[in-house]
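With compact mmCIF, C-alpha atoms and all ligand atoms inside, this is my_file-v2.txt:
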# COMPACT_ATOMS: atom_id res chain seq x y z
CA MET I 1 13.73 -16.87 11.81
CA ILE I 2 12.12 -13.58 10.85
CA GLU I 3 12.95 -12.61 7.29
CA SER I 4 13.86 -8.99 6.78
CA SER I 5 13.51 -7.19 3.49
CA LYS I 6 14.67 -3.92 1.98
CA ASN I 7 11.76 -3.97 -0.36
CA GLY I 8 8.59 -4.76 1.55
CA LYS I 9 5.26 -5.09 -0.21
CA VAL I 10 2.42 -2.73 0.72
CA ILE I 11 -1.03 -4.33 0.54
CA ALA I 12 -4.07 -2.08 1.03
CA VAL I 13 -7.48 -3.54 1.82
CA VAL I 14 -10.32 -1.28 0.66
CA SER I 15 -14.08 -1.51 0.07
CA GLY I 16 -17.04 0.48 -1.18
CA LYS I 17 -19.27 -0.32 1.77
CA GLY I 18 -18.29 -0.60 5.42
CA GLY I 19 -18.80 -3.77 7.45
CA VAL I 20 -17.70 -6.16 4.68
CA GLY I 21 -14.79 -7.64 6.67
CA LYS I 22 -11.73 -5.50 5.79
CA THR I 23 -10.47 -5.23 9.36
CA SER I 24 -10.95 -8.95 10.03
CA LEU I 25 -9.09 -9.74 6.79
CA VAL I 26 -6.15 -7.43 7.52
CA ALA I 27 -5.78 -8.83 11.07
CA CYS I 28 -5.83 -12.44 9.91
CA MET I 29 -3.57 -11.93 6.87
CA ALA I 30 -1.04 -10.02 8.99
CA SER I 31 -1.03 -12.87 11.56
CA CYS I 32 -0.57 -15.43 8.77
CA PHE I 33 2.32 -13.56 7.09
CA ALA I 34 4.10 -13.20 10.43
CA ALA I 35 3.49 -16.86 11.30
CA GLN I 36 5.13 -17.75 7.97
CA GLY I 37 8.26 -15.91 9.13
CA PHE I 38 7.77 -12.56 7.40
CA ARG I 39 8.32 -9.44 9.46
CA THR I 40 4.91 -7.80 9.07
CA LEU I 41 3.38 -4.43 9.94
CA ALA I 42 -0.39 -4.05 10.27
CA VAL I 43 -1.48 -0.41 10.02
CA ASP I 44 -4.92 0.87 10.95
CA CYS I 45 -5.74 3.61 8.44
CA ASP I 46 -9.41 3.89 9.39
CA TYR I 47 -8.95 7.41 10.78
CA GLY I 48 -11.51 8.17 13.48
CA LEU I 49 -13.10 4.69 13.33
CA PHE I 50 -10.04 2.58 14.11
CA ASN I 51 -10.60 -0.93 15.49
CA LEU I 52 -7.90 -3.17 13.98
CA ASP I 53 -6.54 -3.77 17.51
CA VAL I 54 -9.71 -5.78 18.30
CA PRO I 55 -9.37 -8.74 15.86
CA LEU I 56 -5.58 -8.65 16.44
CA GLY I 57 -6.26 -9.22 20.15
CA MET I 58 -4.21 -6.16 21.12
CA SER I 59 -6.91 -3.92 22.64
CA ASN I 60 -5.56 -4.32 26.18
CA TYR I 61 -2.07 -3.10 25.27
CA THR I 62 -0.69 0.40 25.14
CA LEU I 63 -0.57 1.22 21.45
CA SER I 64 0.82 4.12 19.44
CA ASP I 65 -0.61 5.61 16.30
CA PHE I 66 1.43 6.58 13.24
CA GLY I 67 0.65 10.32 13.57
CA ASP I 68 4.08 11.16 15.02
CA THR I 69 5.73 9.04 12.36
CA LEU I 70 4.11 11.13 9.61
CA GLU I 71 5.57 14.28 11.18
CA ALA I 72 9.00 12.84 12.11
CA GLU I 73 12.07 13.69 10.08
CA ASP I 74 13.57 10.23 10.66
CA LYS I 75 10.51 8.13 9.87
CA GLY I 76 12.37 4.83 10.26
CA SER I 77 13.31 5.48 13.89
CA ALA I 78 9.80 6.78 14.58
CA ILE I 79 8.33 3.50 13.25
CA ASP I 80 10.79 1.45 15.36
CA GLU I 81 9.70 3.39 18.41
CA ALA I 82 5.94 3.36 17.82
CA ALA I 83 5.19 -0.08 16.33
CA ARG I 84 4.11 -2.57 19.00
CA GLU I 85 4.96 -6.24 18.58
CA HIS I 86 2.16 -8.76 19.05
CA PRO I 87 2.30 -10.57 22.40
CA GLN I 88 1.70 -14.03 20.89
CA ILE I 89 2.86 -13.73 17.27
CA PRO I 90 6.52 -12.73 16.99
CA GLY I 91 7.31 -10.62 13.95
CA LEU I 92 3.82 -9.08 13.80
CA PHE I 93 3.85 -5.35 14.55
CA PHE I 94 0.96 -2.93 14.81
CA LEU I 95 0.43 0.81 14.40
CA SER I 96 -2.90 2.39 15.25
CA ALA I 97 -4.63 5.15 13.24
CA PRO I 98 -4.13 8.78 14.25
CA ASP I 99 -7.36 10.36 15.45
CA VAL I 100 -7.52 12.92 12.64
CA PRO I 101 -9.56 13.07 9.42
CA GLY I 102 -7.83 11.36 6.47
CA SER I 103 -8.02 14.70 4.63
CA LYS I 104 -5.39 16.08 7.06
CA ILE I 105 -2.78 13.56 5.92
CA LYS I 106 -0.62 14.62 3.00
CA ASP I 107 0.24 12.25 0.17
CA GLU I 108 3.98 12.91 0.53
CA GLN I 109 3.90 12.13 4.28
CA MET I 110 2.18 8.81 3.62
CA HIS I 111 4.62 8.02 0.82
CA ALA I 112 7.66 8.69 3.04
CA PHE I 113 6.13 6.66 5.90
CA LEU I 114 5.55 3.67 3.61
CA GLU I 115 9.04 3.93 2.10
CA ALA I 116 10.55 3.73 5.60
CA ALA I 117 8.22 0.83 6.45
CA ARG I 118 9.28 -1.05 3.28
CA GLU I 119 12.87 -1.03 4.54
CA ARG I 120 11.83 -2.64 7.82
CA PHE I 121 9.06 -5.10 6.95
CA SER I 122 8.42 -7.72 4.29
CA TYR I 123 4.68 -7.03 4.31
CA ILE I 124 2.85 -3.86 5.28
CA LEU I 125 -0.92 -4.27 5.46
CA LEU I 126 -3.18 -1.22 5.44
CA ASP I 127 -6.73 -1.38 6.79
CA CYS I 128 -8.25 1.49 4.78
CA PRO I 129 -11.46 3.46 5.37
CA ALA I 130 -14.54 2.35 3.38
CA GLY I 131 -15.69 4.43 0.42
CA ILE I 132 -13.90 6.66 -2.04
CA GLY I 133 -13.09 9.66 0.15
CA SER I 134 -9.77 11.32 0.87
CA GLY I 135 -8.92 8.80 3.63
CA PHE I 136 -9.10 5.93 1.15
CA LYS I 137 -7.10 7.82 -1.46
CA VAL I 138 -4.24 8.91 0.80
CA SER I 139 -3.97 5.45 2.39
CA ALA I 140 -4.13 3.24 -0.69
CA ARG I 141 -2.40 5.45 -3.29
CA TYR I 142 1.11 4.02 -2.77
CA ALA I 143 0.15 0.38 -2.28
CA ASP I 144 1.70 -2.28 -4.52
CA VAL I 145 -1.43 -4.41 -4.27
CA ILE I 146 -5.00 -3.33 -3.54
CA LEU I 147 -7.51 -5.90 -2.36
CA ILE I 148 -11.08 -4.74 -2.91
CA ASN I 149 -13.21 -6.44 -0.32
CA ALA I 150 -16.92 -6.99 -0.97
CA THR I 151 -19.66 -9.29 0.21
CA PRO I 152 -21.31 -11.48 -2.44
CA ASP I 153 -24.35 -9.32 -3.18
CA THR I 154 -25.17 -6.96 -6.01
CA ALA I 155 -25.08 -3.74 -3.94
CA SER I 156 -21.66 -4.49 -2.48
CA ALA I 157 -20.29 -5.62 -5.88
CA ARG I 158 -21.52 -2.37 -7.45
CA ASP I 159 -19.79 -0.31 -4.74
CA ALA I 160 -16.65 -2.37 -5.27
CA SER I 161 -16.74 -1.60 -9.02
CA ARG I 162 -16.93 2.09 -8.19
CA VAL I 163 -13.80 1.76 -6.02
CA PHE I 164 -12.05 -0.07 -8.83
CA PHE I 165 -12.76 2.77 -11.27
CA GLU I 166 -11.52 5.36 -8.76
CA ILE I 167 -8.25 3.45 -8.47
CA LYS I 168 -7.87 3.32 -12.26
CA LYS I 169 -8.71 7.01 -12.57
CA TYR I 170 -6.67 8.56 -9.76
CA PHE I 171 -3.79 6.23 -8.86
CA GLU I 172 -0.92 7.04 -11.21
CA HIS I 173 1.14 3.87 -10.77
CA GLU I 174 -1.64 1.32 -11.48
CA PRO I 175 -1.40 -1.02 -8.49
CA GLU I 176 -2.23 -4.69 -8.95
CA THR I 177 -5.92 -4.87 -7.97
CA ARG I 178 -7.76 -8.02 -6.88
CA LEU I 179 -11.22 -8.83 -5.54
CA VAL I 180 -11.91 -10.63 -2.26
CA LEU I 181 -15.44 -11.84 -1.53
CA ASN I 182 -16.07 -12.27 2.18
CA ARG I 183 -18.93 -13.79 4.20
CA ALA I 184 -19.93 -16.22 1.46
CA SER I 185 -22.59 -18.64 2.72
CA ASP I 186 -23.51 -19.92 -0.76
CA LEU I 187 -20.31 -20.61 -2.68
CA LYS I 188 -22.06 -21.05 -6.05
CA HIS I 189 -23.81 -17.69 -5.72
CA ALA I 190 -20.54 -16.02 -4.63
CA THR I 191 -18.75 -17.47 -7.66
CA ARG I 192 -21.47 -16.06 -9.94
CA ILE I 193 -21.00 -12.58 -8.40
CA ALA I 194 -17.22 -12.94 -8.85
CA ASP I 195 -17.68 -13.95 -12.51
CA SER I 196 -19.88 -10.93 -13.22
CA PHE I 197 -17.30 -8.71 -11.55
CA ILE I 198 -14.55 -10.09 -13.77
CA ASP I 199 -16.77 -9.67 -16.87
CA ASN I 200 -17.61 -6.06 -16.01
CA ILE I 201 -14.28 -4.69 -14.90
CA GLY I 202 -11.66 -7.39 -15.24
CA ALA I 203 -10.42 -7.47 -11.61
CA LYS I 204 -9.66 -11.08 -10.77
CA LEU I 205 -10.80 -12.89 -7.65
CA ILE I 206 -7.97 -13.69 -5.22
CA GLY I 207 -10.05 -15.18 -2.45
CA LEU I 208 -13.45 -16.35 -1.35
CA ILE I 209 -13.96 -16.31 2.42
CA ARG I 210 -16.66 -18.35 4.07
CA GLU I 211 -19.21 -16.95 6.50
CA ASP I 212 -17.83 -18.22 9.80
CA LYS I 213 -19.07 -17.27 13.25
CA MET I 214 -15.55 -17.79 14.65
CA VAL I 215 -14.50 -14.47 13.03
CA SER I 216 -16.57 -12.44 15.49
CA ILE I 217 -16.21 -14.90 18.40
CA ALA I 218 -12.39 -14.80 18.22
CA ALA I 219 -12.43 -10.98 17.97
CA GLU I 220 -14.71 -10.74 21.02
CA GLU I 221 -12.37 -13.03 22.94
CA GLY I 222 -9.31 -11.04 21.90
CA VAL I 223 -7.69 -14.02 20.16
CA PRO I 224 -6.25 -13.70 16.63
CA LEU I 225 -8.52 -15.77 14.35
CA VAL I 226 -5.77 -18.06 13.08
CA LEU I 227 -4.81 -18.96 16.67
CA ALA I 228 -8.48 -19.65 17.47
CA GLU I 229 -9.10 -22.03 14.56
CA CYS I 230 -7.11 -23.45 11.69
CA ARG I 231 -10.01 -24.03 9.30
CA GLY I 232 -13.02 -22.12 7.95
CA ALA I 233 -12.51 -18.41 7.29
CA ALA I 234 -9.01 -18.48 8.85
CA MET I 235 -7.93 -21.06 6.24
CA ASP I 236 -9.53 -19.00 3.43
CA MET I 237 -7.59 -15.90 4.55
CA LEU I 238 -4.35 -17.89 4.93
CA LYS I 239 -4.76 -19.04 1.31
CA ILE I 240 -4.94 -15.39 0.18
CA THR I 241 -1.53 -14.75 1.79
CA LEU I 242 -0.12 -17.71 -0.15
CA ARG I 243 -1.60 -16.52 -3.46
CA LEU I 244 -0.11 -13.06 -2.79
CA GLN I 245 3.29 -14.81 -2.72
CA GLY I 246 2.57 -16.30 -6.15
CA ILE I 247 1.84 -19.77 -4.76
CA ASN I 248 -0.84 -21.53 -6.74
CA VAL I 249 -3.59 -22.51 -4.30
CA PRO I 250 -6.93 -23.51 -5.87
CA LEU I 251 -9.95 -21.41 -4.91
N1 LIG I 301 -16.12 -14.37 7.10
C1 LIG I 301 -16.85 -13.85 8.09
N2 LIG I 301 -17.82 -14.60 8.68
C2 LIG I 301 -18.60 -14.07 9.67
N3 LIG I 301 -18.48 -12.82 10.15
C3 LIG I 301 -17.54 -12.02 9.61
C4 LIG I 301 -16.68 -12.48 8.56
N4 LIG I 301 -15.83 -11.44 8.22
C5 LIG I 301 -16.17 -10.42 9.03
N5 LIG I 301 -17.18 -10.75 9.86
C6 LIG I 301 -17.84 -9.90 10.87
O1 LIG I 301 -18.43 -8.80 10.19
C7 LIG I 301 -18.36 -7.62 10.98
C8 LIG I 301 -17.66 -6.52 10.17
O2 LIG I 301 -16.32 -6.94 9.94
P1 LIG I 301 -15.12 -5.91 9.86
O3 LIG I 301 -13.89 -6.72 9.61
O4 LIG I 301 -15.12 -5.00 11.04
O5 LIG I 301 -15.53 -5.10 8.54
P2 LIG I 301 -15.03 -3.68 7.98
O6 LIG I 301 -13.64 -3.47 8.48
O7 LIG I 301 -15.08 -3.83 6.49
O8 LIG I 301 -15.99 -2.66 8.50
C9 LIG I 301 -17.60 -7.99 12.24
O9 LIG I 301 -18.54 -8.25 13.26
C10 LIG I 301 -16.87 -9.28 11.88
O10 LIG I 301 -16.66 -10.12 13.00
MG MG I 302 -12.91 -1.82 9.55
Take the structure I supplied and represent it as structure tokens, if you would.
Ligand SMILES: Nc1ncnc2c1ncn2[C@@H]1O[C@H](COP(=O)(O)OP(=O)(O)O)[C@@H](O)[C@H]1O
Ligand SMILES: [Mg+2]
Amino acid sequence: MIESSKNGKVIAVVSGKGGVGKTSLVACMASCFAAQGFRTLAVDCDYGLFNLDVPLGMSNYTLSDFGDTLEAEDKGSAIDEAAREHPQIPGLFFLSAPDVPGSKIKDEQMHAFLEAARERFSYILLDCPAGIGSGFKVSARYADVILINATPDTASARDASRVFFEIKKYFEHEPETRLVLNRASDLKHATRIADSFIDNIGAKLIGLIREDKMVSIAAEEGVPLVLAECRGAAMDMLKITLRLQGINVPL
């Protein structure tokens, strides 16, 4: 049975650099939440560069973006109309990004959209644009949890720290902020990077995702990762969804 909630949780996935695995992570976490029985909405917020439909395996379907929803007076009905349910994963819904610059979206529109989404879904996952521009700010500002995604290398960790400080500086309500390291081929090295991150800025690690060629193979084949394999990176991403529910799963 699909659980419904009046108080859904908004989780934004952000990063300093592009290409670190945000979109793959959002697609897989959204699939995992829905498979666990939570009504889930995956939202592509990468305005202009949207591609969340690819790892979700929804590219061949007619999809709507959330542009009309931002303008609509009754945002709830607009979401019900626009969100497309996944063909293989019941309870997983998707909204594409409007083809406008993030700077055109107003904070209060995004806030009202997310409030309406919280009434309809248990989890709302936002695939945010990389960097610290206006698209990132307007998308992630009202999230309850922000996952900063980085790869385990110094340059990416430094960019991730910069994002963390932007969140602390500009986001009034202090969202819970956690680090995710993706594409780890050397787990010891990745753990060292994570430790230095915690020492420098105090954001705790919530997940370490292995380098796994199935991530791109599944996306190319249009199959959600967790349906393609139940181990490797898919298992690492599933564990993040459990930790987000407060379940203690060792790293
Ligand atoms: N754990 C992983 N192992 C191997 N390849 C990955 C992994 N995570 C992401 N990728 C690949 O890295 C590339 C960038 O991922 P993507 O999710 O689009 O990043 P972003 O949204 O941050 O730009 C894609 O080709 C994707 O398939
Ligand atoms: Mg992306």
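With distances taken over all atoms listed in the file, I:Arg231 is the one residue among I:Arg243, I:Arg162, I:His189, I:Arg231 lying closest to ligand LIG 301 (chain I).
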> So what do you get for atom CA of Ile247 of chain I versus atom CA of Ala184 of chain I, distance-wise?
Replying inline: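 Those two atoms sit 22.9 Å apart.
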>> As a quick test: using only C-alpha atoms and all ligand atoms, which residues lie no more than 12 Å away from ligand MG 302 (chain I)? Give them as an NGL selection string.
In response: :I and (13-27 or 43-55 or 97 or 126-131 or 149)
6 Å contact set for Arg183 of chain I, all atoms listed in the file, chain neighbours under 6 positions out, as a compact mmCIF listing (two decimals) with C-alpha atoms, in the frame of the given file:
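Writing the result to result_36.txt gives the following:
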# COMPACT_ATOMS: atom_id res chain seq x y z
CA ILE I 209 -13.96 -16.31 2.42
CA ARG I 210 -16.66 -18.35 4.07
CA GLU I 211 -19.21 -16.95 6.50
>> Applying 12 Å and only C-alpha atoms, which residues near Lys188 of chain I remain after dropping the ones on its own chain fewer than 4 positions away? List them as an NGL selection string.
In response: :I and (152 or 184 or 192-195 or 208 or 210)
> Any idea what the distance is between atom CA of Asp153 of chain I and atom CA of Leu205 of chain I?
Replying inline: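 Distance between the two atoms: 14.7 Å.
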> Smallest atom-to-atom distance to Leu179 of chain I: which of I:Glu73, I:Ser156, I:Leu63, I:Ala203, using all atoms listed in the file?
Replying inline: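 Looking at the shortest contact to Leu179 of chain I, the residue is I:Ala203.
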I'd like the box whose edges run along x, y and z of the file and which contains every listed atom of segment 55-72 of chain I, padded by 4 Å per side; could you state its centre and edge lengths in Å, one decimal, as lines of an AutoDock Vina configuration file?
center_x = -0.2
center_y = 2.5
center_z = 17.9
size_x = 26.4
size_y = 31.5
size_z = 24.6
> Between I:Gln245, I:Gln109, I:Thr151, I:Ser122, which is the closest to ligand LIG 301 (chain I) once you count all atoms listed in the file?
Replying inline: I:Thr151
Filled-in N, CA and C atoms of segment 37-48 of chain I, supplied as a PDB file, keeping the file's coordinate frame:
ATOM      1  N   GLY I  37       6.876 -16.362   8.964  1.00  0.00           N
ATOM      2  CA  GLY I  37       8.260 -15.910   9.130  1.00  0.00           C
ATOM      3  C   GLY I  37       8.570 -14.571   8.489  1.00  0.00           C
ATOM      4  N   PHE I  38       7.544 -13.889   7.990  1.00  0.00           N
ATOM      5  CA  PHE I  38       7.770 -12.560   7.400  1.00  0.00           C
ATOM      6  C   PHE I  38       7.554 -11.486   8.467  1.00  0.00           C
ATOM      7  N   ARG I  39       8.505 -10.590   8.570  1.00  0.00           N
ATOM      8  CA  ARG I  39       8.320  -9.440   9.460  1.00  0.00           C
ATOM      9  C   ARG I  39       7.200  -8.585   8.853  1.00  0.00           C
ATOM     10  N   THR I  40       6.144  -8.375   9.632  1.00  0.00           N
ATOM     11  CA  THR I  40       4.910  -7.800   9.070  1.00  0.00           C
ATOM     12  C   THR I  40       4.423  -6.623   9.921  1.00  0.00           C
ATOM     13  N   LEU I  41       3.964  -5.589   9.246  1.00  0.00           N
ATOM     14  CA  LEU I  41       3.380  -4.430   9.940  1.00  0.00           C
ATOM     15  C   LEU I  41       1.917  -4.281   9.532  1.00  0.00           C
ATOM     16  N   ALA I  42       1.041  -4.309  10.518  1.00  0.00           N
ATOM     17  CA  ALA I  42      -0.390  -4.050  10.270  1.00  0.00           C
ATOM     18  C   ALA I  42      -0.659  -2.602  10.671  1.00  0.00           C
ATOM     19  N   VAL I  43      -1.249  -1.834   9.751  1.00  0.00           N
ATOM     20  CA  VAL I  43      -1.480  -0.410  10.020  1.00  0.00           C
ATOM     21  C   VAL I  43      -2.977  -0.114   9.927  1.00  0.00           C
ATOM     22  N   ASP I  44      -3.531   0.444  10.990  1.00  0.00           N
ATOM     23  CA  ASP I  44      -4.920   0.870  10.950  1.00  0.00           C
ATOM     24  C   ASP I  44      -4.988   2.240  10.301  1.00  0.00           C
ATOM     25  N   CYS I  45      -5.607   2.326   9.143  1.00  0.00           N
ATOM     26  CA  CYS I  45      -5.740   3.610   8.440  1.00  0.00           C
ATOM     27  C   CYS I  45      -7.191   4.093   8.468  1.00  0.00           C
ATOM     28  N   ASP I  46      -8.009   3.485   9.335  1.00  0.00           N
ATOM     29  CA  ASP I  46      -9.410   3.890   9.390  1.00  0.00           C
ATOM     30  C   ASP I  46      -9.530   5.043  10.385  1.00  0.00           C
ATOM     31  N   TYR I  47      -9.042   6.220   9.926  1.00  0.00           N
ATOM     32  CA  TYR I  47      -8.950   7.410  10.780  1.00  0.00           C
ATOM     33  C   TYR I  47     -10.293   7.714  11.433  1.00  0.00           C
ATOM     34  N   GLY I  48     -10.272   7.839  12.759  1.00  0.00           N
ATOM     35  CA  GLY I  48     -11.510   8.170  13.480  1.00  0.00           C
ATOM     36  C   GLY I  48     -12.342   6.950  13.830  1.00  0.00           C
TER      37      GLY I  48
END
